[in-house]
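Trainee: Just dropping this structure here.
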Amino acid sequence: MDNDYLQGFSAILGIWPIFLRTALRWVGDDLRIPGVWNADVLEGTQQFPTVVLSHGLSACRFLYSSLCMQLASHGIVVAAVEHKDESAASTFFYENESKYLSGKKSTIIFRTVSATSDTGHQLLVRRRQLDIRASECSRALDFLIGVNEGRCCENLLDPETKILEQLKGRLDLETASLMGHSFGGATTLVTAAKDDRFKQLIVLDSWLFGLKNEENMPKVLAKVPKLFLNADYFQLDLKGNLDIMRKLVSPTDSKFTVKKSTHEQFCDSPNIIGLRLNRDKPRIDGNLGLRINTHIVLRYLKERLGDSVKWDNGNFLQENADHIISDISVQETTQLSTKL
């Protein structure tokens with residue numbers, strides 16, 4: 001996390017950068033992901049299932065490393081997009097080759113939009129952002145198609161890696177999935193309504209304000225398989241969000257809610273700064289909540305894609321069935337037991 005990201009997250013959290021920098025240094029030595037940087041792609045002819053990930057509002061591409069790592073460890077290639085619509089904490093690009101060679105980045109910082117002063121203005125901004133985000137998700141899939149066909153671009157983040165070349169002919173893009181958290185959940189729905197190349201959607205605790213006037217979208221998406229996975233408290237605290245979601249959930253879609261879970265338990269922040277949301281309510285353990293969420297996603301992909309997903313841990317979900325509800329909200333159903 002360089003200084004631009006540090007400044008962005010500090011502004012969003014409402015704390016001075018020095019405090020966030022101190023906190024990161026304090027816990028940084030204990031933060032580890034069981035992965036190998038630039039490890040070679042597994043040799044063979046196996047094609048890997050592919051997921052494009054859309055981050056949430058005020059997040060960024062690397063804030064979901066725990067979730068992405070878990071999916072990757074089960075044989076899934078994850079392409080984490082960092083959106084350029086002013087919804088990321090911070091992001092950057094290079095205007096031209098000379099600026100890249102000189103290391104001069106152009107930074108795009110998070111745009112704050114008031115949620116109370118003008119609802120119509122906020123809706124207009126969010127809808128424009130969703131359109132940009134959807135186009136970026138489709139462009140990510142275009143890029144993966146190019147990688148699979150051997151048309152590799154220069155890797156600006158890591159010019160030394162050979163991973164893109166090694167993935168030639170190894171990506172299963174006929175069954176490509178699109179996954180998004182929060183604002184990224186709405187992004188998955190907007191993208192799939194325009195781009196039918198994504199064969200299933202994984203909608204993680206979606207914030208759907210930008211879709212409140214989308215009357216045709218439920219009909220367009222009715223035949224697209226979807227997993228709706230929600231946090232208990234986030235959906236109950238958002239007035240009207242569940243009303244929009246009900247219109248988008250088809251009878252054949254999978255839907256679950258993890259009891260006493262919070263919106264942040266889909267990303268890495270609980271491991272860095274702990275659970276900040278819903279402090280007045282009893283909450284599920286942060287790591288357990290993340291594990292349950294991850295295994296529900298893996299089980300769904302296993303059901304959809306078969307043996308190409310190397311997951312076989314149904315016992316974990318069965319053992320934690322008391323935490324899981326088979327609907328989009330705890331208030332709308334009873335506890336699920338037999339199907340888990």
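Residue numbers start at 1 in each chain; chains themselves are named A, B, ... in the order of the structure tokens; ligands are numbered from 1 in the order shown.
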Using DSSP on the backbone coordinates, identify the residues of range 33-228 of chain A assigned to strand (DSSP E); present them as a VMD selection string.
Mentor: chain A and resid 48 to 54 77 to 81 90 to 93 106 to 109 171 to 181 200 to 204 226 to 228
Trainee: Please report, as JSON lines, each residue of range 102-153 of chain A lying at most 8 Å from range 51-60 of chain A, together with the nearest pair of atoms and the separation in Å rounded to one decimal; use only C-alpha atoms, and order rows by chain and ascending residue number.
Mentor:
```
{"residue": "A:Phe110", "atom": "CA", "partner": "A:Ser58", "partner_atom": "CA", "distance": 6.5}
{"residue": "A:Arg133", "atom": "CA", "partner": "A:Ser54", "partner_atom": "CA", "distance": 8.0}
{"residue": "A:Cys137", "atom": "CA", "partner": "A:Val52", "partner_atom": "CA", "distance": 7.0}
{"residue": "A:Ala140", "atom": "CA", "partner": "A:Val52", "partner_atom": "CA", "distance": 7.2}
{"residue": "A:Leu141", "atom": "CA", "partner": "A:Val52", "partner_atom": "CA", "distance": 7.3}
```
Trainee: For the alpha helix (DSSP H) assignment from backbone DSSP, which residues of range 47-265 of chain A qualify? Please present them as a count of residues only.
Mentor: 79
Trainee: Which residues of range 89-186 of chain A have any atom within 12 Å of an atom in range 255-279 of chain A when counting only C-alpha atoms, and what is the closest pair of atoms for each, with the distance in Å to one decimal? Order the rows by chain and rising number and write it as JSON lines.
Mentor:
```
{"residue": "A:Met179", "atom": "CA", "partner": "A:Phe266", "partner_atom": "CA", "distance": 11.7}
{"residue": "A:Gly180", "atom": "CA", "partner": "A:Phe266", "partner_atom": "CA", "distance": 10.1}
{"residue": "A:His181", "atom": "CA", "partner": "A:Phe266", "partner_atom": "CA", "distance": 7.4}
{"residue": "A:Ser182", "atom": "CA", "partner": "A:His263", "partner_atom": "CA", "distance": 8.0}
{"residue": "A:Phe183", "atom": "CA", "partner": "A:His263", "partner_atom": "CA", "distance": 11.5}
{"residue": "A:Gly184", "atom": "CA", "partner": "A:Phe266", "partner_atom": "CA", "distance": 11.8}
{"residue": "A:Gly185", "atom": "CA", "partner": "A:Phe266", "partner_atom": "CA", "distance": 11.9}
```
Trainee: Given the selection you just returned, output its residues as a file containing N, CA, C and O atoms, formatted as a PDB file, in the first residue's frame.
Mentor:
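Output file out.pdb follows:
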```
ATOM      1  N   MET A 179     -18.010 -11.835 -10.102  1.00  0.00           N
ATOM      2  CA  MET A 179     -18.270 -11.732  -8.669  1.00  0.00           C
ATOM      3  C   MET A 179     -18.039 -10.300  -8.218  1.00  0.00           C
ATOM      4  O   MET A 179     -17.106  -9.636  -8.674  1.00  0.00           O
ATOM      5  N   GLY A 180     -18.890  -9.812  -7.319  1.00  0.00           N
ATOM      6  CA  GLY A 180     -18.714  -8.455  -6.818  1.00  0.00           C
ATOM      7  C   GLY A 180     -19.266  -8.297  -5.420  1.00  0.00           C
ATOM      8  O   GLY A 180     -20.242  -8.939  -5.047  1.00  0.00           O
ATOM      9  N   HIS A 181     -18.631  -7.421  -4.655  1.00  0.00           N
ATOM     10  CA  HIS A 181     -19.036  -7.149  -3.279  1.00  0.00           C
ATOM     11  C   HIS A 181     -19.600  -5.741  -3.177  1.00  0.00           C
ATOM     12  O   HIS A 181     -19.040  -4.795  -3.729  1.00  0.00           O
ATOM     13  N   SER A 182     -20.734  -5.602  -2.490  1.00  0.00           N
ATOM     14  CA  SER A 182     -21.330  -4.301  -2.209  1.00  0.00           C
ATOM     15  C   SER A 182     -21.684  -3.570  -3.513  1.00  0.00           C
ATOM     16  O   SER A 182     -22.508  -4.043  -4.292  1.00  0.00           O
ATOM     17  N   PHE A 183     -21.057  -2.431  -3.788  1.00  0.00           N
ATOM     18  CA  PHE A 183     -21.269  -1.745  -5.065  1.00  0.00           C
ATOM     19  C   PHE A 183     -20.836  -2.638  -6.224  1.00  0.00           C
ATOM     20  O   PHE A 183     -21.361  -2.563  -7.323  1.00  0.00           O
ATOM     21  N   GLY A 184     -19.854  -3.498  -5.965  1.00  0.00           N
ATOM     22  CA  GLY A 184     -19.455  -4.491  -6.958  1.00  0.00           C
ATOM     23  C   GLY A 184     -20.535  -5.518  -7.220  1.00  0.00           C
ATOM     24  O   GLY A 184     -20.602  -6.082  -8.315  1.00  0.00           O
ATOM     25  N   GLY A 185     -21.395  -5.772  -6.231  1.00  0.00           N
ATOM     26  CA  GLY A 185     -22.532  -6.660  -6.460  1.00  0.00           C
ATOM     27  C   GLY A 185     -23.497  -6.082  -7.466  1.00  0.00           C
ATOM     28  O   GLY A 185     -23.983  -6.773  -8.365  1.00  0.00           O
TER      29      GLY A 185
END
```
Trainee: Please identify every residue of range 30-71 of chain A that has at least one atom no farther than 12 Å from an atom of range 146-151 of chain A, counting only C-alpha atoms, and for each give the shortest atom pair and the distance in Å to one decimal, arranged by chain then increasing number, as a tab-separated table.
Mentor:
```
residue	atom	partner	partner_atom	distance
A:Gln47	CA	A:Asn148	CA	10.1
A:Phe48	CA	A:Asn148	CA	10.7
A:Thr50	CA	A:Asn148	CA	11.1
```
Trainee: Quick one: residues within 12 Å of Arg127 in chain A, only C-alpha atoms, excluding same-chain residues fewer than 4 positions away - as a short mmCIF file (atom, residue, chain, number, x, y, z; two decimals) with all heavy atoms, in the first residue's frame?
Mentor:
```
data_model
loop_
_atom_site.label_atom_id
_atom_site.label_comp_id
_atom_site.auth_asym_id
_atom_site.auth_seq_id
_atom_site.Cartn_x
_atom_site.Cartn_y
_atom_site.Cartn_z
N ASP A 85 -13.67 4.66 -11.76
CA ASP A 85 -14.87 5.50 -11.78
C ASP A 85 -14.95 6.41 -10.55
O ASP A 85 -16.01 6.96 -10.26
CB ASP A 85 -16.12 4.62 -11.83
CG ASP A 85 -16.23 3.73 -10.60
OD1 ASP A 85 -15.18 3.28 -10.09
OD2 ASP A 85 -17.36 3.48 -10.14
N SER A 87 -14.65 5.35 -7.52
CA SER A 87 -15.24 4.60 -6.41
C SER A 87 -14.19 3.85 -5.62
O SER A 87 -14.48 3.35 -4.53
CB SER A 87 -16.30 3.62 -6.93
OG SER A 87 -15.69 2.57 -7.68
N GLY A 120 -31.49 12.36 -5.87
CA GLY A 120 -31.47 12.28 -7.33
C GLY A 120 -30.07 12.44 -7.88
O GLY A 120 -29.68 11.74 -8.82
N HIS A 121 -29.30 13.35 -7.31
CA HIS A 121 -27.91 13.54 -7.75
C HIS A 121 -27.09 12.30 -7.46
O HIS A 121 -26.30 11.86 -8.30
CB HIS A 121 -27.31 14.75 -7.05
CG HIS A 121 -25.85 14.93 -7.30
ND1 HIS A 121 -25.33 15.24 -8.54
CD2 HIS A 121 -24.77 14.81 -6.47
CE1 HIS A 121 -24.02 15.33 -8.47
NE2 HIS A 121 -23.64 15.05 -7.24
N GLN A 122 -27.25 11.73 -6.26
CA GLN A 122 -26.49 10.54 -5.92
C GLN A 122 -26.83 9.39 -6.86
O GLN A 122 -25.94 8.66 -7.31
CB GLN A 122 -26.75 10.10 -4.47
CG GLN A 122 -25.85 8.92 -4.10
CD GLN A 122 -26.22 8.25 -2.81
OE1 GLN A 122 -25.46 7.42 -2.32
NE2 GLN A 122 -27.36 8.58 -2.23
N LEU A 123 -28.11 9.24 -7.18
CA LEU A 123 -28.53 8.17 -8.08
C LEU A 123 -27.91 8.34 -9.45
O LEU A 123 -27.45 7.36 -10.07
CB LEU A 123 -30.06 8.14 -8.19
CG LEU A 123 -30.66 7.04 -9.07
CD1 LEU A 123 -30.29 5.67 -8.54
CD2 LEU A 123 -32.18 7.19 -9.14
N ASP A 131 -22.12 2.13 -14.99
CA ASP A 131 -21.87 1.94 -16.42
C ASP A 131 -20.38 1.82 -16.70
O ASP A 131 -19.95 0.98 -17.51
CB ASP A 131 -22.47 3.10 -17.21
CG ASP A 131 -24.00 3.06 -17.26
OD1 ASP A 131 -24.57 1.96 -17.07
OD2 ASP A 131 -24.62 4.12 -17.48
N ILE A 132 -19.56 2.66 -16.05
CA ILE A 132 -18.11 2.59 -16.23
C ILE A 132 -17.59 1.25 -15.70
O ILE A 132 -16.80 0.56 -16.35
CB ILE A 132 -17.41 3.75 -15.50
CG1 ILE A 132 -17.80 5.09 -16.14
CG2 ILE A 132 -15.90 3.57 -15.52
CD1 ILE A 132 -17.32 6.30 -15.37
N ARG A 133 -18.06 0.88 -14.52
CA ARG A 133 -17.62 -0.38 -13.90
C ARG A 133 -17.98 -1.58 -14.78
O ARG A 133 -17.17 -2.51 -14.95
CB ARG A 133 -18.28 -0.54 -12.54
CG ARG A 133 -17.73 0.37 -11.46
CD ARG A 133 -18.60 0.41 -10.23
NE ARG A 133 -17.78 0.58 -9.04
CZ ARG A 133 -17.44 -0.36 -8.21
NH1 ARG A 133 -17.87 -1.61 -8.40
NH2 ARG A 133 -16.67 -0.12 -7.15
N ALA A 134 -19.17 -1.57 -15.34
CA ALA A 134 -19.59 -2.69 -16.19
C ALA A 134 -18.69 -2.81 -17.41
O ALA A 134 -18.28 -3.91 -17.79
CB ALA A 134 -21.05 -2.52 -16.60
N PHE A 183 -21.06 -2.43 -3.79
CA PHE A 183 -21.27 -1.75 -5.06
C PHE A 183 -20.84 -2.64 -6.22
O PHE A 183 -21.36 -2.56 -7.32
CB PHE A 183 -20.49 -0.44 -5.06
CG PHE A 183 -20.98 0.59 -6.05
CD1 PHE A 183 -22.31 0.70 -6.39
CD2 PHE A 183 -20.08 1.48 -6.64
CE1 PHE A 183 -22.76 1.66 -7.29
CE2 PHE A 183 -20.50 2.43 -7.54
CZ PHE A 183 -21.84 2.53 -7.86
N ALA A 186 -23.79 -4.78 -7.33
CA ALA A 186 -24.62 -4.11 -8.34
C ALA A 186 -23.91 -4.11 -9.69
O ALA A 186 -24.56 -4.26 -10.74
CB ALA A 186 -24.92 -2.69 -7.89
N THR A 187 -22.60 -3.98 -9.67
CA THR A 187 -21.83 -3.98 -10.91
C THR A 187 -21.99 -5.30 -11.65
O THR A 187 -22.11 -5.32 -12.88
CB THR A 187 -20.34 -3.74 -10.61
OG1 THR A 187 -20.20 -2.50 -9.90
CG2 THR A 187 -19.52 -3.67 -11.89
N VAL A 190 -25.36 -5.23 -13.49
CA VAL A 190 -25.37 -4.33 -14.65
C VAL A 190 -24.54 -4.92 -15.78
O VAL A 190 -24.95 -4.90 -16.95
CB VAL A 190 -24.84 -2.94 -14.25
CG1 VAL A 190 -24.68 -2.06 -15.49
CG2 VAL A 190 -25.78 -2.27 -13.25
N LEU A 208 -27.52 -1.89 -3.75
CA LEU A 208 -28.23 -1.81 -5.03
C LEU A 208 -28.92 -0.47 -5.26
O LEU A 208 -29.79 -0.37 -6.12
CB LEU A 208 -29.27 -2.94 -5.10
CG LEU A 208 -28.70 -4.35 -4.95
CD1 LEU A 208 -29.83 -5.37 -4.88
CD2 LEU A 208 -27.76 -4.67 -6.10
N PHE A 209 -28.51 0.56 -4.54
CA PHE A 209 -29.15 1.87 -4.69
C PHE A 209 -29.17 2.33 -6.13
O PHE A 209 -30.17 2.87 -6.62
CB PHE A 209 -28.42 2.90 -3.82
CG PHE A 209 -28.89 4.31 -4.02
CD1 PHE A 209 -30.06 4.77 -3.43
CD2 PHE A 209 -28.16 5.20 -4.82
CE1 PHE A 209 -30.50 6.07 -3.62
CE2 PHE A 209 -28.58 6.50 -5.01
CZ PHE A 209 -29.75 6.94 -4.41
N GLY A 210 -28.10 2.10 -6.86
CA GLY A 210 -28.01 2.56 -8.24
C GLY A 210 -28.96 1.85 -9.19
O GLY A 210 -29.10 2.27 -10.35
N LEU A 211 -29.64 0.79 -8.73
CA LEU A 211 -30.54 0.02 -9.58
C LEU A 211 -32.00 0.22 -9.21
O LEU A 211 -32.87 -0.53 -9.68
CB LEU A 211 -30.20 -1.48 -9.50
CG LEU A 211 -28.75 -1.86 -9.81
CD1 LEU A 211 -28.59 -3.38 -9.76
CD2 LEU A 211 -28.34 -1.33 -11.17
N LYS A 212 -32.31 1.21 -8.39
CA LYS A 212 -33.66 1.33 -7.86
C LYS A 212 -34.72 1.60 -8.93
O LYS A 212 -35.89 1.28 -8.75
CB LYS A 212 -33.71 2.42 -6.79
CG LYS A 212 -33.37 3.81 -7.27
CD LYS A 212 -33.32 4.81 -6.11
CE LYS A 212 -34.62 4.86 -5.33
NZ LYS A 212 -34.58 5.85 -4.25
N ASN A 213 -34.32 2.17 -10.06
CA ASN A 213 -35.29 2.45 -11.13
C ASN A 213 -35.12 1.55 -12.34
O ASN A 213 -35.64 1.85 -13.42
CB ASN A 213 -35.16 3.92 -11.56
CG ASN A 213 -35.55 4.88 -10.45
OD1 ASN A 213 -36.38 4.56 -9.60
ND2 ASN A 213 -34.95 6.06 -10.44
N GLU A 214 -34.40 0.44 -12.18
CA GLU A 214 -34.16 -0.47 -13.30
C GLU A 214 -35.30 -1.48 -13.39
O GLU A 214 -35.27 -2.55 -12.77
CB GLU A 214 -32.82 -1.19 -13.11
CG GLU A 214 -31.62 -0.28 -13.21
CD GLU A 214 -31.45 0.29 -14.61
OE1 GLU A 214 -31.84 -0.39 -15.58
OE2 GLU A 214 -30.93 1.42 -14.72
#
```
Trainee: Set the distance at 10 Å and use only C-alpha atoms: which residues neighbour Asn320 in chain A once local chain neighbours fewer than 3 positions away are removed? I'd like the list as a list in words.
Mentor: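 Once the adjacent positions are removed, what remains is Val258, Leu288, Ile292, Asn315, Phe316, Leu317, His323, Ile324, Ser337 and Leu340 of chain A.
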Trainee: Give me the residues near Val224 in chain A as a tab-separated table (two decimals) with C-alpha atoms, in the first residue's frame, where near means some atom within 9 Å (using only C-alpha atoms) and where sequence neighbours in that chain fewer than 4 positions away do not count.
Mentor:
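Final file, selection_21.tsv:
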```
chain	number	residue	atom	x	y	z
A	192	ALA	CA	-24.42	-9.32	-17.00
A	196	ASP	CA	-23.90	-12.50	-21.80
A	198	PHE	CA	-20.55	-14.27	-17.94
A	199	LYS	CA	-22.34	-17.55	-17.21
A	200	GLN	CA	-22.96	-17.14	-13.47
A	201	LEU	CA	-22.93	-14.26	-11.01
A	220	VAL	CA	-33.14	-9.59	-18.61
A	250	SER	CA	-35.10	-15.57	-9.58
A	253	ASP	CA	-31.10	-18.58	-7.76
```
Trainee: From the set A:Arg139, A:Lys168, A:Lys223, A:Arg32, which residue has the shortest atom-to-atom contact distance to Glu82 in chain A, counting only C-alpha atoms?
Mentor: A:Arg139
Trainee: Out of A:Leu67, A:Leu248, A:Ala80, A:Val309, which residue has the shortest atom-to-atom distance to Gly289 in chain A when counting only C-alpha atoms?
Mentor: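 Ranking A:Leu67, A:Leu248, A:Ala80, A:Val309 by distance to Gly289 in chain A, first place goes to A:Leu67.
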Trainee: Select, from A:Gln7, A:Gln331, A:Thr188, A:Ser135, the residue with the minimum atom-to-atom distance to Thr107 in chain A, counting only C-alpha atoms.
Mentor: A:Gln7
Trainee: Using only C-alpha atoms, which of A:Gly169, A:Pro218, A:Lys84, A:Thr175 sits nearest Leu189 in chain A?
Mentor: A:Pro218
